[in-house]
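**Q** Structure file data30.txt, compact mmCIF, C-alpha atoms, is pasted below:
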```
# COMPACT_ATOMS: atom_id res chain seq x y z
CA MET A 1 33.77 -11.48 -37.72
CA GLU A 2 31.95 -11.42 -41.00
CA LEU A 3 32.60 -8.61 -43.50
CA ASN A 4 29.00 -7.85 -44.52
CA GLU A 5 27.84 -7.75 -40.93
CA PHE A 6 30.73 -5.43 -40.11
CA VAL A 7 29.76 -3.07 -42.94
CA SER A 8 26.20 -2.97 -41.66
CA ASN A 9 27.31 -2.29 -38.07
CA PHE A 10 29.65 0.37 -39.39
CA ALA A 11 26.84 1.98 -41.39
CA ASP A 12 24.79 2.08 -38.19
CA GLN A 13 27.19 4.67 -36.79
CA PHE A 14 25.85 7.21 -39.26
CA ASP A 15 22.55 9.07 -38.96
CA GLU A 16 22.31 11.12 -42.14
CA THR A 17 24.26 9.01 -44.61
CA ASP A 18 22.19 6.43 -46.46
CA ALA A 19 23.37 2.90 -45.67
CA SER A 20 23.60 2.20 -49.41
CA GLU A 21 26.49 4.70 -49.62
CA ILE A 22 28.49 2.67 -47.16
CA THR A 23 30.13 -0.20 -48.97
CA VAL A 24 33.22 -2.31 -48.46
CA ASP A 25 35.35 -0.01 -50.59
CA CYS A 26 33.88 3.35 -49.69
CA HIS A 27 36.35 5.97 -48.47
CA PHE A 28 34.52 6.49 -45.21
CA ARG A 29 36.54 9.44 -43.90
CA GLU A 30 35.49 11.41 -46.96
CA LEU A 31 31.77 11.01 -46.22
CA GLU A 32 30.16 14.36 -45.51
CA GLU A 33 28.77 13.22 -42.17
CA TYR A 34 32.09 11.80 -40.96
CA SER A 35 33.48 13.70 -37.96
CA SER A 36 35.54 13.13 -34.82
CA LEU A 37 32.28 12.05 -33.15
CA THR A 38 31.81 9.31 -35.76
CA GLY A 39 35.40 8.23 -35.05
CA MET A 40 34.58 7.90 -31.35
CA GLY A 41 31.49 5.89 -32.25
CA ILE A 42 33.61 3.51 -34.31
CA ILE A 43 36.09 3.07 -31.45
CA ALA A 44 33.16 2.29 -29.12
CA MET A 45 31.70 -0.14 -31.65
CA ALA A 46 35.02 -1.99 -32.02
CA LYS A 47 35.17 -2.32 -28.24
CA THR A 48 31.58 -3.34 -27.45
CA GLN A 49 30.76 -5.43 -30.49
CA TYR A 50 34.13 -6.96 -31.30
CA GLY A 51 36.04 -6.67 -28.02
CA LYS A 52 38.93 -4.89 -29.79
CA ALA A 53 40.67 -1.69 -28.70
CA ILE A 54 41.50 0.63 -31.58
CA THR A 55 42.70 4.23 -31.61
CA GLY A 56 41.99 7.36 -33.59
CA ALA A 57 45.36 6.91 -35.29
CA ASP A 58 44.32 3.38 -36.33
CA ILE A 59 41.19 4.79 -37.95
CA ARG A 60 43.17 7.50 -39.71
CA SER A 61 45.44 4.83 -41.16
CA CYS A 62 42.45 3.31 -42.95
CA THR A 63 40.96 4.49 -46.21
CA THR A 64 38.16 2.04 -46.92
CA VAL A 65 35.69 0.22 -44.69
CA GLU A 66 37.47 -2.99 -45.61
CA ASP A 67 40.78 -1.54 -44.35
CA LEU A 68 39.08 -0.93 -41.02
CA TYR A 69 37.60 -4.42 -41.01
CA ASN A 70 41.05 -5.89 -41.59
CA LEU A 71 42.61 -3.67 -38.95
CA ILE A 72 40.09 -4.70 -36.30
CA ASN A 73 40.34 -8.33 -37.35
CA ASN A 74 44.11 -8.29 -36.94
CA LYS A 75 44.07 -6.71 -33.48
CA MET B 1 -5.64 37.01 -40.41
CA GLU B 2 -3.99 33.80 -39.33
CA GLN B 3 -3.13 33.88 -35.66
CA PHE B 4 0.57 34.19 -34.85
CA ASN B 5 1.62 31.23 -32.75
CA PRO B 6 5.32 30.39 -32.66
CA PHE B 7 4.68 27.91 -29.84
CA THR B 8 2.48 25.46 -31.70
CA LEU B 9 3.35 21.77 -31.41
CA ILE B 10 1.03 20.66 -34.20
CA GLY B 11 2.56 17.83 -36.23
CA LYS B 12 5.10 16.90 -33.57
CA GLN B 13 5.34 13.53 -31.84
CA ILE B 14 6.60 13.95 -28.31
CA LEU B 15 7.66 11.39 -25.70
CA VAL B 16 7.29 12.42 -22.06
CA THR B 17 8.78 10.28 -19.29
CA GLY B 18 7.50 10.50 -15.74
CA ALA B 19 4.14 11.43 -17.21
CA SER B 20 2.04 9.72 -14.56
CA SER B 21 2.37 12.55 -12.05
CA GLY B 22 3.60 16.02 -11.24
CA ILE B 23 5.54 18.07 -13.76
CA GLY B 24 5.70 15.26 -16.35
CA LYS B 25 1.94 14.87 -16.29
CA ALA B 26 1.41 18.63 -16.69
CA ILE B 27 3.89 18.75 -19.58
CA ALA B 28 2.22 15.83 -21.36
CA VAL B 29 -1.21 17.43 -21.08
CA ALA B 30 0.12 20.84 -22.17
CA CYS B 31 1.84 19.31 -25.22
CA ALA B 32 -1.43 17.68 -26.26
CA LYS B 33 -3.27 20.99 -25.82
CA MET B 34 -0.68 22.61 -28.11
CA GLY B 35 -1.43 20.06 -30.82
CA ALA B 36 1.28 17.45 -30.36
CA THR B 37 0.77 13.71 -30.51
CA VAL B 38 2.06 12.58 -27.15
CA ILE B 39 3.46 9.27 -25.98
CA VAL B 40 3.46 9.10 -22.20
CA THR B 41 5.51 6.71 -20.18
CA GLY B 42 5.78 5.86 -16.51
CA ARG B 43 5.55 2.82 -14.30
CA ASN B 44 1.89 2.86 -13.38
CA VAL B 45 -0.58 2.04 -16.18
CA GLU B 46 -3.60 3.37 -14.33
CA ARG B 47 -2.01 6.71 -13.64
CA LEU B 48 -0.78 6.96 -17.22
CA ASN B 49 -4.34 6.37 -18.41
CA GLU B 50 -5.45 9.14 -16.07
CA THR B 51 -2.94 11.46 -17.82
CA LEU B 52 -4.28 10.29 -21.20
CA SER B 53 -7.82 11.09 -20.10
CA LEU B 54 -6.83 14.73 -19.53
CA MET B 55 -5.44 15.12 -23.05
CA PRO B 56 -7.61 16.54 -25.80
CA GLY B 57 -7.90 14.85 -29.21
CA GLY B 58 -5.13 13.18 -31.13
CA ASN B 59 -3.65 9.77 -31.21
CA HIS B 60 -1.93 9.84 -27.86
CA LYS B 61 -0.54 6.68 -26.38
CA ALA B 62 0.64 5.32 -23.05
CA ILE B 63 3.50 2.83 -22.84
CA SER B 64 4.26 1.71 -19.32
CA ALA B 65 7.92 1.18 -18.48
CA ASP B 66 10.27 1.17 -15.52
CA LEU B 67 13.20 3.07 -17.02
CA THR B 68 15.63 1.69 -14.46
CA ASN B 69 15.13 -1.65 -16.22
CA THR B 70 17.09 -2.16 -19.46
CA GLU B 71 14.48 -4.48 -20.95
CA ASP B 72 11.76 -1.92 -20.37
CA ILE B 73 13.86 0.74 -22.09
CA ASN B 74 14.39 -1.54 -25.09
CA GLU B 75 10.69 -2.40 -25.33
CA LEU B 76 9.67 1.24 -25.05
CA VAL B 77 12.12 2.35 -27.73
CA THR B 78 11.11 -0.50 -30.05
CA GLU B 79 7.46 0.55 -29.77
CA LEU B 80 8.27 4.22 -30.21
CA PRO B 81 7.56 6.08 -33.46
CA LYS B 82 10.17 8.59 -34.65
CA ILE B 83 9.89 11.53 -32.28
CA ASP B 84 10.30 15.28 -32.69
CA GLY B 85 10.39 16.00 -29.00
CA LEU B 86 11.54 14.26 -25.84
CA VAL B 87 10.95 15.36 -22.28
CA GLN B 88 12.97 13.45 -19.70
CA CYS B 89 11.03 14.15 -16.57
CA ALA B 90 11.01 10.91 -14.60
CA GLY B 91 12.83 11.27 -11.32
CA VAL B 92 12.69 10.98 -7.56
CA GLY B 93 13.43 13.30 -4.67
CA SER B 94 15.53 12.66 -1.59
CA ARG B 95 16.24 14.47 1.66
CA ILE B 96 19.05 12.83 3.59
CA PRO B 97 21.87 14.53 5.47
CA CYS B 98 25.31 13.85 3.93
CA LYS B 99 26.38 11.98 7.06
CA ASN B 100 23.60 9.43 6.57
CA ILE B 101 23.84 8.80 2.83
CA GLY B 102 24.39 5.11 2.13
CA LYS B 103 24.95 3.13 -1.05
CA GLU B 104 21.27 2.23 -1.32
CA ASP B 105 20.19 5.87 -0.96
CA LEU B 106 22.54 6.85 -3.75
CA LYS B 107 21.26 4.10 -5.99
CA ARG B 108 17.67 5.04 -5.28
CA VAL B 109 18.37 8.59 -6.48
CA PHE B 110 20.96 8.13 -9.21
CA MET B 111 19.34 5.22 -11.02
CA PRO B 112 16.12 7.02 -11.94
CA ASN B 113 17.56 10.55 -12.07
CA VAL B 114 20.82 9.93 -13.94
CA GLU B 115 21.35 6.39 -15.22
CA ALA B 116 17.86 5.82 -16.63
CA PRO B 117 17.60 9.03 -18.69
CA ILE B 118 21.13 8.61 -20.06
CA LEU B 119 20.49 4.99 -21.10
CA LEU B 120 17.07 5.83 -22.55
CA GLN B 121 18.67 8.64 -24.54
CA ALA B 122 21.38 6.28 -25.85
CA ALA B 123 18.76 3.74 -26.90
CA ILE B 124 16.65 6.37 -28.70
CA LEU B 125 19.71 7.65 -30.55
CA SER B 126 21.21 4.31 -31.48
CA LYS B 127 17.85 2.96 -32.65
CA LYS B 128 17.43 6.16 -34.68
CA LYS B 129 14.08 7.05 -33.18
CA ILE B 130 14.61 10.81 -33.19
CA ASN B 131 14.07 13.16 -36.10
CA LYS B 132 16.37 15.85 -37.37
CA ALA B 133 15.75 19.23 -35.68
CA ALA B 134 14.00 17.57 -32.73
CA SER B 135 14.00 19.17 -29.28
CA ILE B 136 15.05 17.39 -26.10
CA VAL B 137 14.22 18.76 -22.67
CA TYR B 138 15.66 17.52 -19.40
CA VAL B 139 13.80 18.49 -16.27
CA ALA B 140 16.62 19.12 -13.81
CA SER B 141 16.33 21.38 -10.76
CA ARG B 142 17.49 24.62 -9.19
CA ALA B 143 18.94 22.24 -6.60
CA ALA B 144 21.90 21.58 -8.91
CA ASN B 145 23.26 25.06 -8.21
CA ALA B 146 21.44 26.14 -5.09
CA PRO B 147 22.27 24.09 -1.99
CA SER B 148 19.77 23.27 0.71
CA ILE B 149 20.24 21.00 3.67
CA GLY B 150 19.52 17.32 3.17
CA ASN B 151 19.44 17.74 -0.57
CA ALA B 152 23.00 16.65 -1.43
CA ALA B 153 22.25 13.39 -3.25
CA TYR B 154 19.37 14.90 -5.19
CA SER B 155 21.35 18.06 -6.03
CA ALA B 156 24.28 15.98 -7.23
CA SER B 157 22.02 13.87 -9.45
CA LYS B 158 20.55 16.98 -11.08
CA GLY B 159 24.01 18.52 -11.52
CA ALA B 160 25.04 15.32 -13.25
CA ILE B 161 22.16 15.41 -15.71
CA ILE B 162 22.76 19.07 -16.56
CA SER B 163 26.42 18.37 -17.37
CA TYR B 164 25.37 15.36 -19.43
CA ALA B 165 22.79 17.40 -21.34
CA LYS B 166 25.36 20.04 -22.27
CA CYS B 167 27.59 17.40 -23.88
CA LEU B 168 24.60 15.82 -25.60
CA ALA B 169 23.69 19.24 -27.03
CA LEU B 170 27.13 19.46 -28.66
CA GLU B 171 26.95 15.96 -30.11
CA LEU B 172 23.48 16.45 -31.59
CA ALA B 173 23.97 19.98 -32.89
CA PRO B 174 25.13 18.81 -36.35
CA ARG B 175 21.65 17.31 -36.80
CA LEU B 176 20.03 20.51 -35.46
CA ILE B 177 18.65 18.54 -32.52
CA ARG B 178 18.47 20.85 -29.51
CA VAL B 179 18.97 19.88 -25.89
CA ASN B 180 18.04 22.15 -23.00
CA CYS B 181 17.39 21.80 -19.28
CA ILE B 182 14.68 23.28 -17.13
CA CYS B 183 15.68 23.99 -13.54
CA PRO B 184 12.56 24.51 -11.47
CA GLY B 185 12.54 25.76 -7.91
CA MET B 186 10.13 24.08 -5.52
CA VAL B 187 6.98 22.94 -7.32
CA TRP B 188 3.86 21.57 -5.64
CA THR B 189 4.08 17.89 -6.60
CA GLU B 190 4.14 14.57 -4.82
CA LEU B 191 7.92 14.66 -5.07
CA ILE B 192 8.25 17.43 -2.49
CA LEU B 193 5.42 16.10 -0.35
CA LYS B 194 7.02 12.65 -0.18
CA ASP B 195 10.32 14.00 1.15
CA GLY B 196 9.27 13.96 4.75
CA VAL B 197 8.87 17.73 5.15
CA ASP B 198 5.47 18.72 6.56
CA LYS B 199 3.08 20.48 4.25
CA GLU B 200 2.70 23.30 6.78
CA LEU B 201 6.45 23.95 6.69
CA LEU B 202 6.38 23.96 2.90
CA GLU B 203 3.52 26.44 2.91
CA GLN B 204 5.50 28.67 5.20
CA SER B 205 8.67 28.29 3.15
CA GLN B 206 7.00 29.29 -0.09
CA LEU B 207 6.48 32.79 1.33
CA THR B 208 10.27 33.29 1.16
CA TYR B 209 9.97 33.20 -2.64
CA PRO B 210 9.82 36.68 -4.23
CA LEU B 211 6.57 35.72 -5.98
CA LYS B 212 5.30 34.35 -2.65
CA ARG B 213 4.57 30.85 -3.83
CA PHE B 214 6.10 27.61 -4.99
CA GLY B 215 5.41 26.71 -8.60
CA GLN B 216 2.55 24.74 -10.06
CA PRO B 217 3.36 21.96 -12.58
CA GLU B 218 1.64 24.06 -15.27
CA ASP B 219 4.16 26.89 -14.72
CA VAL B 220 6.92 24.52 -15.74
CA ALA B 221 4.89 22.97 -18.55
CA ASN B 222 4.63 26.34 -20.29
CA LEU B 223 8.40 26.63 -20.38
CA ALA B 224 8.64 23.09 -21.76
CA ILE B 225 6.24 24.09 -24.56
CA TYR B 226 8.56 26.94 -25.51
CA LEU B 227 11.59 24.63 -25.57
CA LEU B 228 9.78 21.95 -27.58
CA SER B 229 8.41 24.43 -30.12
CA ASP B 230 10.21 25.99 -33.05
CA ALA B 231 10.13 29.29 -31.12
CA SER B 232 13.33 28.16 -29.37
CA ASN B 233 15.13 27.10 -32.56
CA TRP B 234 18.29 29.01 -31.67
CA MET B 235 18.57 27.61 -28.21
CA THR B 236 20.60 24.60 -27.19
CA GLY B 237 22.85 23.57 -24.30
CA SER B 238 21.06 25.98 -21.98
CA SER B 239 19.69 25.55 -18.49
CA LEU B 240 16.73 27.72 -17.70
CA ASP B 241 15.77 28.63 -14.15
CA ILE B 242 12.10 28.91 -13.29
CA SER B 243 11.70 29.58 -9.63
CA GLY B 244 9.32 32.39 -8.77
CA GLY B 245 12.40 34.54 -8.38
CA GLY B 246 15.43 34.01 -6.18
CA GLU B 247 17.25 30.79 -5.44
CA GLY B 248 14.24 28.48 -5.70
CA ILE B 249 15.26 26.35 -2.74
CA LEU B 250 13.52 25.07 0.36
CA THR B 251 14.36 27.26 3.33
CA LEU B 252 13.55 25.78 6.71
CA ASN B 253 13.96 27.79 9.87
```
Translate the structure described by the file into structure tokens.
**A**
Amino acid sequence: MELNEFVSNFADQFDETDASEITVDCHFRELEEYSSLTGMGIIAMAKTQYGKAITGADIRSCTTVEDLYNLINNK
Amino acid sequence: MEQFNPFTLIGKQILVTGASSGIGKAIAVACAKMGATVIVTGRNVERLNETLSLMPGGNHKAISADLTNTEDINELVTELPKIDGLVQCAGVGSRIPCKNIGKEDLKRVFMPNVEAPILLQAAILSKKKINKAASIVYVASRAANAPSIGNAAYSASKGAIISYAKCLALELAPRLIRVNCICPGMVWTELILKDGVDKELLEQSQLTYPLKRFGQPEDVANLAIYLLSDASNWMTGSSLDISGGGEGILTLN
């Protein structure tokens, strides 16, 4: 899994937020559009695109997009 | 004085599935008459072109697709401009007693009536082909709530799509995208004529309706216009019955 590609797939989960706002070190849970639905989208993305099972608690333990990347990578 | 028209569709791009016949065709034509730019889809190119030929003005377009085929869905969505309205109308009927329902019968009903619209919707959303404040209309059926004999598989498929649409309405509400269902009673289309019930029996049965007739596709199209227009801005997650009064089912003696 490559970090830049992950960031772009992650950014794809948002509809209103400009992709340029979503960077490796952005605090994604603080984005205005972020909601429980986005969380579910991220869990689905981890499963379908990376074959990894993550939980809501896993996501909550992450602050930045890179944290999430590392978490999924280490699963 | 400018004429008051809360139902105008001018400036909206609307995709209508199942637009080659019946209710879908009537909705597509009505949308064009209300000023929308319409993209029609269905399996049969010739019949889609026939729908196009009935539409006044505008830059309307036909894209043929079999929505039970994933590749066709992907090609359709790739070709699609960003839409302001979506009418999921493609579907098939079925009249089989519960005792006789087999796996193939279920597939024949659930693939076009449930699986295809859900997967098309997912593709449109994930490829970001729908605008903020758009309106989505699912053509379901009174059959979902009003039982009639032989209609179990069809009724179940329509019940499924109504439940789906209610969840979709919740998920899209933050973007002000509205999702509503239309539940027609019996409407004079090929769908009811193909079900193996004689036309004479249908003509007799329509007299049991309070308004003494089954619907015409245009009756349903007018409701779709309302749901697609800004007149229904405060409406989402609803299922609207349109049935000439009463249960809107087929009663056979």
**Q** Could you tell me which of A:Tyr50, A:Ile72, A:Phe6, A:Phe14 comes closest to A:Arg29 if we count only C-alpha atoms?
**A**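 Ranking A:Tyr50, A:Ile72, A:Phe6, A:Phe14 by distance to A:Arg29, first place goes to A:Phe14.
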**Q** Using only C-alpha atoms, determine which residues of chain B fall within 12 Å of chain A; present them as a tab-separated table (two decimals) with C-alpha atoms, in the coordinates of the input.
**A**
```
chain	number	residue	atom	x	y	z
B	122	ALA	CA	21.38	6.28	-25.85
B	125	LEU	CA	19.71	7.65	-30.55
B	126	SER	CA	21.21	4.31	-31.48
B	127	LYS	CA	17.85	2.96	-32.65
B	128	LYS	CA	17.43	6.16	-34.68
B	129	LYS	CA	14.08	7.05	-33.18
B	130	ILE	CA	14.61	10.81	-33.19
B	131	ASN	CA	14.07	13.16	-36.10
B	132	LYS	CA	16.37	15.85	-37.37
B	167	CYS	CA	27.59	17.40	-23.88
B	168	LEU	CA	24.60	15.82	-25.60
B	170	LEU	CA	27.13	19.46	-28.66
B	171	GLU	CA	26.95	15.96	-30.11
B	172	LEU	CA	23.48	16.45	-31.59
B	173	ALA	CA	23.97	19.98	-32.89
B	174	PRO	CA	25.13	18.81	-36.35
B	175	ARG	CA	21.65	17.31	-36.80
B	176	LEU	CA	20.03	20.51	-35.46
```
**Q** By how many Å are atom CA of B:Tyr154 and atom CA of B:Ile242 apart?
**A**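 These atoms are spaced 17.7 Å apart.
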**Q** Any idea what's packed within 9 Å of B:Lys166, counting only C-alpha atoms, ignoring anything in its chain fewer than 5 positions away? Could you give it as a compact mmCIF listing (two decimals) with C-alpha atoms, in the coordinates of the input?
**A**
```txt
# COMPACT_ATOMS: atom_id res chain seq x y z
CA ILE B 161 22.16 15.41 -15.71
CA GLU B 171 26.95 15.96 -30.11
CA VAL B 179 18.97 19.88 -25.89
CA ASN B 180 18.04 22.15 -23.00
CA CYS B 181 17.39 21.80 -19.28
CA THR B 236 20.60 24.60 -27.19
CA GLY B 237 22.85 23.57 -24.30
CA SER B 238 21.06 25.98 -21.98
CA SER B 239 19.69 25.55 -18.49
```
**Q** Near stretch 103-109 of chain B, within 9 Å and counting all atoms listed in the file, which residues show up once chain neighbours fewer than 4 positions away are dropped, as an NGL selection string?
**A** :B and (91-94 or 96 or 113-114 or 153-154 or 157)
**Q** For the atom pair atom CA of B:Ala231 and atom CA of B:Pro6, what is the interatomic distance in Å to one decimal place?
**A**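 So the two atoms, atom CA of B:Ala231 and atom CA of B:Pro6, lie 5.2 Å apart.
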**Q** So how far away is atom CA of B:Gly24 from atom CA of B:Asp195, in Å?
**A**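 Between these atoms lies a distance of 18.1 Å.
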